[in-house]
Every structure is written in C-alpha cells, then in structure tokens.
>>> print(open('run_26.cif').read())   # mmCIF, C-alpha atoms
data_upload
loop_
_atom_site.group_PDB
_atom_site.id
_atom_site.type_symbol
_atom_site.label_atom_id
_atom_site.label_comp_id
_atom_site.auth_asym_id
_atom_site.auth_seq_id
_atom_site.Cartn_x
_atom_site.Cartn_y
_atom_site.Cartn_z
ATOM 1 C CA MET A 166 109.809 89.789 56.803
ATOM 2 C CA LYS A 167 107.481 92.494 55.604
ATOM 3 C CA THR A 168 104.838 93.772 57.982
ATOM 4 C CA THR A 169 101.248 93.383 56.797
ATOM 5 C CA ILE A 170 99.142 96.520 57.050
ATOM 6 C CA ILE A 171 95.347 96.425 57.146
ATOM 7 C CA ALA A 172 93.234 99.536 57.489
ATOM 8 C CA VAL A 173 89.799 99.464 59.075
ATOM 9 C CA VAL A 174 87.824 102.379 57.681
ATOM 10 C CA GLY A 175 84.244 103.579 57.922
ATOM 11 C CA SER A 176 82.043 106.281 59.331
ATOM 12 C CA LYS A 177 81.819 107.239 62.995
ATOM 13 C CA SER A 178 80.244 104.549 65.224
ATOM 14 C CA SER A 179 80.217 101.949 62.445
ATOM 15 C CA GLY A 180 82.188 99.279 64.324
ATOM 16 C CA LYS A 181 85.833 100.025 63.448
ATOM 17 C CA THR A 182 87.108 99.681 67.015
ATOM 18 C CA THR A 183 85.188 96.426 67.501
ATOM 19 C CA ILE A 184 86.834 94.925 64.395
ATOM 20 C CA ILE A 185 90.288 95.885 65.640
ATOM 21 C CA GLU A 186 89.532 94.461 69.104
ATOM 22 C CA VAL A 187 88.377 91.152 67.604
ATOM 23 C CA LEU A 188 91.373 90.876 65.275
ATOM 24 C CA THR A 189 93.908 91.902 67.911
ATOM 25 C CA ASN A 190 92.483 89.556 70.526
ATOM 26 C CA GLU A 191 92.448 86.489 68.305
ATOM 27 C CA LEU A 192 95.656 87.109 66.356
ATOM 28 C CA THR A 193 97.730 87.823 69.473
ATOM 29 C CA ARG A 194 96.288 84.636 70.960
ATOM 30 C CA ARG A 195 97.712 82.910 67.854
ATOM 31 C CA SER A 196 101.158 84.420 68.602
ATOM 32 C CA TYR A 197 101.135 87.214 66.027
ATOM 33 C CA LYS A 198 102.720 90.502 67.060
ATOM 34 C CA VAL A 199 100.074 93.165 66.401
ATOM 35 C CA ALA A 200 100.259 96.960 66.504
ATOM 36 C CA ALA A 201 97.078 99.050 66.496
ATOM 37 C CA VAL A 202 97.122 102.677 65.384
ATOM 38 C CA LYS A 203 94.141 104.999 65.879
ATOM 39 C CA HIS A 204 93.586 108.184 63.904
ATOM 40 C CA ILE A 205 92.014 110.863 66.084
ATOM 41 C CA PRO A 206 90.682 113.652 63.864
ATOM 42 C CA GLU A 207 89.616 115.993 66.686
ATOM 43 C CA PRO A 208 91.816 119.110 66.686
ATOM 44 C CA ASN A 209 94.023 119.679 69.752
ATOM 45 C CA PHE A 210 93.324 116.201 71.154
ATOM 46 C CA THR A 211 95.908 114.914 73.617
ATOM 47 C CA ILE A 212 96.215 111.838 75.796
ATOM 48 C CA ASP A 213 98.238 113.930 78.201
ATOM 49 C CA ARG A 214 96.219 115.398 81.079
ATOM 50 C CA GLU A 215 96.572 118.932 82.337
ATOM 51 C CA GLY A 216 98.409 119.062 85.636
ATOM 52 C CA LYS A 217 100.065 115.637 85.304
ATOM 53 C CA ASP A 218 103.859 115.519 85.408
ATOM 54 C CA THR A 219 104.131 114.575 81.729
ATOM 55 C CA TRP A 220 101.929 117.552 80.811
ATOM 56 C CA ARG A 221 104.120 119.788 82.943
ATOM 57 C CA PHE A 222 107.245 118.515 81.167
ATOM 58 C CA ALA A 223 105.670 119.409 77.792
ATOM 59 C CA GLN A 224 104.615 122.812 79.088
ATOM 60 C CA SER A 225 108.228 123.365 80.097
ATOM 61 C CA GLY A 226 109.324 122.798 76.499
ATOM 62 C CA ALA A 227 110.126 119.088 76.221
ATOM 63 C CA LYS A 228 109.360 117.826 72.689
ATOM 64 C CA THR A 229 109.534 114.153 73.683
ATOM 65 C CA ILE A 230 108.215 112.877 76.987
ATOM 66 C CA VAL A 231 108.571 109.246 78.042
ATOM 67 C CA SER A 232 106.676 107.849 81.001
ATOM 68 C CA VAL A 233 107.581 104.437 82.362
ATOM 69 C CA SER A 234 105.553 102.331 84.774
ATOM 70 C CA SER A 235 105.843 98.688 85.794
ATOM 71 C CA ASP A 236 103.434 97.614 83.028
ATOM 72 C CA GLU A 237 103.934 100.053 80.137
ATOM 73 C CA ILE A 238 105.992 102.730 78.514
ATOM 74 C CA ALA A 239 104.433 105.670 76.730
ATOM 75 C CA THR A 240 106.144 108.157 74.474
ATOM 76 C CA ILE A 241 104.498 111.487 73.783
ATOM 77 C CA GLU A 242 105.988 113.525 70.973
ATOM 78 C CA LYS A 243 104.911 117.139 70.708
ATOM 79 C CA ILE A 244 105.114 117.419 66.923
ATOM 80 C CA ASP A 245 102.997 118.633 64.009
ATOM 81 C CA THR A 246 101.657 115.447 62.407
ATOM 82 C CA THR A 247 99.453 117.104 59.774
ATOM 83 C CA SER A 248 101.998 116.422 57.044
ATOM 84 C CA PHE A 249 103.001 112.934 58.197
ATOM 85 C CA CYS A 250 103.128 110.260 55.548
ATOM 86 C CA LEU A 251 102.073 106.716 56.319
ATOM 87 C CA GLU A 252 105.691 105.520 56.624
ATOM 88 C CA GLU A 253 106.324 107.976 59.481
ATOM 89 C CA ILE A 254 103.382 106.502 61.383
ATOM 90 C CA LEU A 255 104.284 102.879 60.644
ATOM 91 C CA TRP A 256 107.907 103.408 61.705
ATOM 92 C CA ARG A 257 106.658 104.026 65.261
ATOM 93 C CA CYS A 258 105.027 100.562 65.382
ATOM 94 C CA GLY A 259 108.326 98.700 65.599
ATOM 95 C CA ASP A 260 108.854 95.069 64.650
ATOM 96 C CA VAL A 261 105.404 93.486 64.324
ATOM 97 C CA ASP A 262 103.683 91.003 62.013
ATOM 98 C CA LEU A 263 100.568 93.108 61.498
ATOM 99 C CA VAL A 264 99.632 96.778 61.823
ATOM 100 C CA LEU A 265 95.925 97.534 62.126
ATOM 101 C CA LEU A 266 95.089 101.112 61.245
ATOM 102 C CA GLU A 267 91.820 102.628 62.401
ATOM 103 C CA GLY A 268 90.808 105.488 60.172
ATOM 104 C CA PHE A 269 93.413 107.357 58.113
ATOM 105 C CA LYS A 270 91.029 107.363 55.121
ATOM 106 C CA LYS A 271 93.040 109.938 53.168
ATOM 107 C CA LEU A 272 96.371 108.171 53.714
ATOM 108 C CA VAL A 273 95.144 104.688 52.756
ATOM 109 C CA GLY A 274 92.275 105.319 50.291
ATOM 110 C CA LYS A 275 93.638 103.940 47.041
ATOM 111 C CA ASN A 276 96.957 102.639 48.391
ATOM 112 C CA TYR A 277 96.984 99.167 46.829
ATOM 113 C CA ASP A 278 99.583 97.907 49.324
ATOM 114 C CA ILE A 279 97.084 98.232 52.163
ATOM 115 C CA LEU A 280 94.066 95.966 52.400
ATOM 116 C CA LYS A 281 90.927 97.587 53.768
ATOM 117 C CA ILE A 282 88.136 96.293 55.938
ATOM 118 C CA VAL A 283 85.243 98.692 55.511
ATOM 119 C CA THR A 284 82.566 99.062 58.172
ATOM 120 C CA VAL A 285 79.261 100.331 56.793
ATOM 121 C CA LYS A 286 75.885 101.422 58.113
ATOM 122 C CA SER A 287 74.025 101.791 54.791
ATOM 123 C CA ALA A 288 73.986 100.838 51.112
ATOM 124 C CA GLU A 289 75.133 104.352 50.243
ATOM 125 C CA GLU A 290 78.209 104.012 52.463
ATOM 126 C CA ALA A 291 79.057 100.644 50.899
ATOM 127 C CA LEU A 292 78.717 101.944 47.340
ATOM 128 C CA GLU A 293 80.802 105.036 48.095
ATOM 129 C CA ALA A 294 83.451 102.915 49.839
ATOM 130 C CA SER A 295 83.677 100.571 46.847
ATOM 131 C CA LYS A 296 84.700 103.602 44.749
ATOM 132 C CA THR A 297 86.949 105.231 47.374
ATOM 133 C CA PHE A 298 88.903 102.310 48.853
ATOM 134 C CA LYS A 299 91.018 99.842 46.907
ATOM 135 C CA PRO A 300 91.543 96.953 47.591
ATOM 136 C CA ILE A 301 88.745 95.977 49.974
ATOM 137 C CA LEU A 302 89.296 92.711 51.844
ATOM 138 C CA ALA A 303 85.808 92.654 53.399
ATOM 139 C CA PHE A 304 82.802 94.694 54.429
ATOM 140 C CA THR A 305 81.547 94.508 58.012
ATOM 141 C CA GLY A 306 79.220 96.557 60.135
ATOM 142 C CA LEU A 307 75.557 97.167 60.696
ATOM 143 C CA TYR A 308 74.437 96.804 57.075
ATOM 144 C CA SER A 309 74.670 93.693 54.906
ATOM 145 C CA ILE A 310 75.900 94.554 51.413
ATOM 146 C CA GLU A 311 75.111 91.155 49.908
ATOM 147 C CA THR A 312 72.247 92.510 47.766
ATOM 148 C CA LEU A 313 74.608 95.080 46.171
ATOM 149 C CA ASN A 314 76.599 92.412 44.253
ATOM 150 C CA LEU A 315 79.998 94.009 44.913
ATOM 151 C CA ASN A 316 81.825 90.637 44.909
ATOM 152 C CA ILE A 317 83.434 91.432 48.258
ATOM 153 C CA PRO A 318 82.749 89.298 51.342
ATOM 154 C CA CYS A 319 80.369 90.766 53.905
ATOM 155 C CA ILE A 320 81.074 89.446 57.391
ATOM 156 C CA ASN A 321 78.975 89.891 60.499
ATOM 157 C CA VAL A 322 81.765 90.019 63.085
ATOM 158 C CA VAL A 323 79.412 89.624 66.037
ATOM 159 C CA LYS A 324 78.128 86.304 64.667
ATOM 160 C CA ASN A 325 81.224 85.133 62.793
ATOM 161 C CA ARG A 326 84.465 86.367 64.344
ATOM 162 C CA GLU A 327 86.384 83.384 63.005
ATOM 163 C CA LYS A 328 85.649 84.280 59.371
ATOM 164 C CA ILE A 329 87.155 87.795 59.554
ATOM 165 C CA VAL A 330 90.135 86.539 61.586
ATOM 166 C CA GLY A 331 90.767 83.762 59.066
ATOM 167 C CA LEU A 332 90.538 86.176 56.151
ATOM 168 C CA VAL A 333 93.080 88.503 57.777
ATOM 169 C CA GLU A 334 95.358 85.661 58.841
ATOM 170 C CA LYS A 335 95.583 84.436 55.221
ATOM 171 C CA ASN A 336 97.042 87.834 54.326
ATOM 172 C CA VAL A 337 99.601 88.162 57.141
ATOM 173 C CA LYS A 338 103.121 87.652 55.797
ATOM 174 C CA LYS A 339 104.715 85.723 58.638
#
>>> encode(input="run_26.cif", output="structure tokens")
Amino acid sequence: MKTTIIAVVGSKSSGKTTIIEVLTNELTRRSYKVAAVKHIPEPNFTIDREGKDTWRFAQSGAKTIVSVSSDEIATIEKIDTTSFCLEEILWRCGDVDLVLLEGFKKLVGKNYDILKIVTVKSAEEALEASKTFKPILAFTGLYSIETLNLNIPCINVVKNREKIVGLVEKNVKK
C-alpha cells in the first residue's frame, strides 16, 4: 500500500492547522492511520525546553534523545534539516494511510504526486497559488474563490467539514 500525501499550504493564519485538525479528527474516527507533519520556519525553534532533562542530554552531546512516558514517545534528533528532501521527512512518519503536511511550500510546490489544499485570505493569494501549486485538490479559508473561475472546489470547512473530508477520503489509497 502506498501512503497518500496531502499538503495544506497557505499564508500565516489562513486556517492550515484547522484543516489538518478537521481531517485528522474525522479520518482517524473512520479508522485511517494519519500522520501530521508541521513545518516550522522560525530559525532555532525547538520543542525541547531549556533546563529539562532532554535538553540537558542534548547539551551534553547526544544527537538523538528519546523520551518515553505512559502516553507517548518523543524522539528529538539534533540534525541540520535545511537540506532534507521530502522522502527524509516522510520516512519518519512510519506506516500510515495518510500524511498531512502543513507548510513545506518549497518542497511540495509543483510536486504532482502530492495533492494540495490551499488556504487563502484574498483573491490575490488564490491566483498566485493556482500558478504556484499543482495539483490543487481544493481551496479553503477566509476568502471564497468561486468568482475567480479556477475550476477548483472552494470549501468552507467551518460550514461543510464533511465535503473536505469526503474529497480527501476519495484520494486515500487504502
């Protein structure tokens, strides 16, 4: 079975996280195994907190730190990811039916193997996205693109969650 990959792309605060929450919630309820991957463009960002044991392990030189609790396991790899290709990111997702990528515009832009859901806040964003991202499965977000005649569905996820979930589910190779 081949894992389906769908990227959710758009500008800051355009609704990308909401789309991934909606899709993850409903598709896992339908027994799909879903991985969600978030691109964080801020330089020097870390989920590790100064002073915590895992931080101290990294400061001591560990390149891989694994923390295990009763409800989760987290692996922190201290590695330069600036030259990562998409395959290196996807490999870390394991055996799932669907990987939802948030962001990664440069890695997914015109990659025809990855469907895109584009969140937009204006006509300009929608028109630019229609040139930048191929193929686009749907537009969502704060602006309705229906008057732009782009022949791509525009879905209001707040009012019609089922439509975006159904559209994605049709594309999952289970």
>>> residues_around(input="run_26.cif", residues="region 304-307 of chain A", least_positions_apart="2", cutoff="6 Å", atoms="all atoms listed in the file", output="ChimeraX atom specification")
/A:179-180,282-286,319-321
>>> atom_distance(input="run_26.cif", atom1="CA of Glu327 (chain A)", atom2="CA of Leu280 (chain A)")
18.2 Å
>>> residues_around(input="run_26.cif", residues="Ile244 (chain A)", least_positions_apart="5", cutoff="12 Å", atoms="all atoms listed in the file", output="list in words")
Asn209, Thr211, Ala223, Gly226, Ala227, Lys228, Thr229, Ile230 and Phe249 of chain A
>>> closest_residue(input="run_26.cif", among="A:Glu289, A:Glu252, A:Glu242, A:Glu334", to="Asp213 (chain A)", atoms="all atoms listed in the file")
A:Glu242
>>> resolve_selection(input="run_26.cif", expression="the PyMOL selection byres ((chain A and resi 172) around 8)", output="mmCIF file with C-alpha atoms, in the frame of the given file")
data_model
loop_
_atom_site.group_PDB
_atom_site.id
_atom_site.type_symbol
_atom_site.label_atom_id
_atom_site.label_comp_id
_atom_site.auth_asym_id
_atom_site.auth_seq_id
_atom_site.Cartn_x
_atom_site.Cartn_y
_atom_site.Cartn_z
ATOM 1 C CA ILE A 170 99.142 96.520 57.050
ATOM 2 C CA ILE A 171 95.347 96.425 57.146
ATOM 3 C CA VAL A 173 89.799 99.464 59.075
ATOM 4 C CA VAL A 174 87.824 102.379 57.681
ATOM 5 C CA LEU A 265 95.925 97.534 62.126
ATOM 6 C CA LEU A 266 95.089 101.112 61.245
ATOM 7 C CA GLU A 267 91.820 102.628 62.401
ATOM 8 C CA GLY A 268 90.808 105.488 60.172
ATOM 9 C CA PHE A 269 93.413 107.357 58.113
ATOM 10 C CA VAL A 273 95.144 104.688 52.756
ATOM 11 C CA ILE A 279 97.084 98.232 52.163
ATOM 12 C CA LEU A 280 94.066 95.966 52.400
ATOM 13 C CA LYS A 281 90.927 97.587 53.768
ATOM 14 C CA ILE A 282 88.136 96.293 55.938
#
>>> resolve_selection(input="run_26.cif", expression="the PyMOL selection byres ((chain A and resi 330) around 8)", output="number ranges by chain")
A: 187-188, 191-192, 326-329, 331-334
>>> atom_distance(input="run_26.cif", atom1="CA of Asn314 (chain A)", atom2="CA of Thr297 (chain A)")
16.8 Å
>>> atom_distance(input="run_26.cif", atom1="CA of Asn316 (chain A)", atom2="CA of Ser178 (chain A)")
24.7 Å
>>> closest_residue(input="run_26.cif", among="A:Leu292, A:Ile212, A:Ala201, A:Ile184", to="Leu313 (chain A)", atoms="all atoms listed in the file")
A:Leu292
>>> closest_residue(input="run_26.cif", among="A:Asp262, A:Asp218, A:Glu293, A:Glu311", to="Lys338 (chain A)", atoms="all atoms listed in the file")
A:Asp262
>>> closest_residue(input="run_26.cif", among="A:Ala303, A:Val264, A:Ile317, A:Leu272", to="Val202 (chain A)", atoms="all atoms listed in the file")
A:Val264
>>> build_atoms(input="run_26.cif", residues="region 305-331 of chain A", atoms="N, CA and C atoms", output="mmCIF file, in the coordinates of the input")
data_model
loop_
_atom_site.group_PDB
_atom_site.id
_atom_site.type_symbol
_atom_site.label_atom_id
_atom_site.label_comp_id
_atom_site.auth_asym_id
_atom_site.auth_seq_id
_atom_site.Cartn_x
_atom_site.Cartn_y
_atom_site.Cartn_z
ATOM 1 N N THR A 305 82.135 94.924 56.747
ATOM 2 C CA THR A 305 81.547 94.508 58.012
ATOM 3 C C THR A 305 80.651 95.647 58.472
ATOM 4 N N GLY A 306 80.000 95.459 59.582
ATOM 5 C CA GLY A 306 79.220 96.557 60.135
ATOM 6 C C GLY A 306 77.753 96.240 60.278
ATOM 7 N N LEU A 307 76.974 97.288 60.377
ATOM 8 C CA LEU A 307 75.557 97.167 60.696
ATOM 9 C C LEU A 307 74.678 96.891 59.491
ATOM 10 N N TYR A 308 75.234 96.974 58.284
ATOM 11 C CA TYR A 308 74.437 96.804 57.075
ATOM 12 C C TYR A 308 75.027 95.676 56.241
ATOM 13 N N SER A 309 74.208 94.777 55.766
ATOM 14 C CA SER A 309 74.670 93.693 54.906
ATOM 15 C C SER A 309 74.653 94.162 53.455
ATOM 16 N N ILE A 310 75.786 94.063 52.788
ATOM 17 C CA ILE A 310 75.900 94.554 51.413
ATOM 18 C C ILE A 310 75.633 93.460 50.380
ATOM 19 N N GLU A 311 75.228 92.291 50.818
ATOM 20 C CA GLU A 311 75.111 91.155 49.908
ATOM 21 C C GLU A 311 74.191 91.427 48.720
ATOM 22 N N THR A 312 73.163 92.223 48.879
ATOM 23 C CA THR A 312 72.247 92.510 47.766
ATOM 24 C C THR A 312 72.847 93.490 46.752
ATOM 25 N N LEU A 313 73.995 94.095 47.069
ATOM 26 C CA LEU A 313 74.608 95.080 46.171
ATOM 27 C C LEU A 313 75.510 94.446 45.112
ATOM 28 N N ASN A 314 75.783 93.141 45.232
ATOM 29 C CA ASN A 314 76.599 92.412 44.253
ATOM 30 C C ASN A 314 77.955 93.071 43.995
ATOM 31 N N LEU A 315 78.689 93.375 45.049
ATOM 32 C CA LEU A 315 79.998 94.009 44.913
ATOM 33 C C LEU A 315 81.137 92.991 44.835
ATOM 34 N N ASN A 316 80.832 91.717 44.960
ATOM 35 C CA ASN A 316 81.825 90.637 44.909
ATOM 36 C C ASN A 316 82.931 90.798 45.956
ATOM 37 N N ILE A 317 82.532 91.285 47.113
ATOM 38 C CA ILE A 317 83.434 91.432 48.258
ATOM 39 C C ILE A 317 82.725 90.783 49.439
ATOM 40 N N PRO A 318 83.423 89.952 50.213
ATOM 41 C CA PRO A 318 82.749 89.298 51.342
ATOM 42 C C PRO A 318 82.172 90.309 52.337
ATOM 43 N N CYS A 319 81.014 89.962 52.861
ATOM 44 C CA CYS A 319 80.369 90.766 53.905
ATOM 45 C C CYS A 319 80.288 89.882 55.139
ATOM 46 N N ILE A 320 80.946 90.303 56.205
ATOM 47 C CA ILE A 320 81.074 89.446 57.391
ATOM 48 C C ILE A 320 80.453 90.132 58.597
ATOM 49 N N ASN A 321 79.544 89.428 59.243
ATOM 50 C CA ASN A 321 78.975 89.891 60.499
ATOM 51 C C ASN A 321 79.933 89.437 61.606
ATOM 52 N N VAL A 322 80.711 90.358 62.124
ATOM 53 C CA VAL A 322 81.765 90.019 63.085
ATOM 54 C C VAL A 322 81.194 89.550 64.413
ATOM 55 N N VAL A 323 80.031 90.041 64.784
ATOM 56 C CA VAL A 323 79.412 89.624 66.037
ATOM 57 C C VAL A 323 79.055 88.135 65.973
ATOM 58 N N LYS A 324 78.551 87.700 64.821
ATOM 59 C CA LYS A 324 78.128 86.304 64.667
ATOM 60 C C LYS A 324 79.227 85.392 64.132
ATOM 61 N N ASN A 325 80.224 85.974 63.447
ATOM 62 C CA ASN A 325 81.224 85.133 62.793
ATOM 63 C C ASN A 325 82.627 85.747 62.890
ATOM 64 N N ARG A 326 83.123 85.826 64.102
ATOM 65 C CA ARG A 326 84.465 86.367 64.344
ATOM 66 C C ARG A 326 85.527 85.584 63.592
ATOM 67 N N GLU A 327 85.370 84.268 63.587
ATOM 68 C CA GLU A 327 86.384 83.384 63.005
ATOM 69 C C GLU A 327 86.591 83.662 61.509
ATOM 70 N N LYS A 328 85.540 84.045 60.812
ATOM 71 C CA LYS A 328 85.649 84.280 59.371
ATOM 72 C C LYS A 328 86.526 85.499 59.073
ATOM 73 N N ILE A 329 86.342 86.597 59.793
ATOM 74 C CA ILE A 329 87.155 87.795 59.554
ATOM 75 C C ILE A 329 88.595 87.560 59.996
ATOM 76 N N VAL A 330 88.780 86.851 61.104
ATOM 77 C CA VAL A 330 90.135 86.539 61.586
ATOM 78 C C VAL A 330 90.853 85.654 60.571
ATOM 79 N N GLY A 331 90.167 84.655 60.065
ATOM 80 C CA GLY A 331 90.767 83.762 59.066
ATOM 81 C C GLY A 331 91.147 84.501 57.784
#
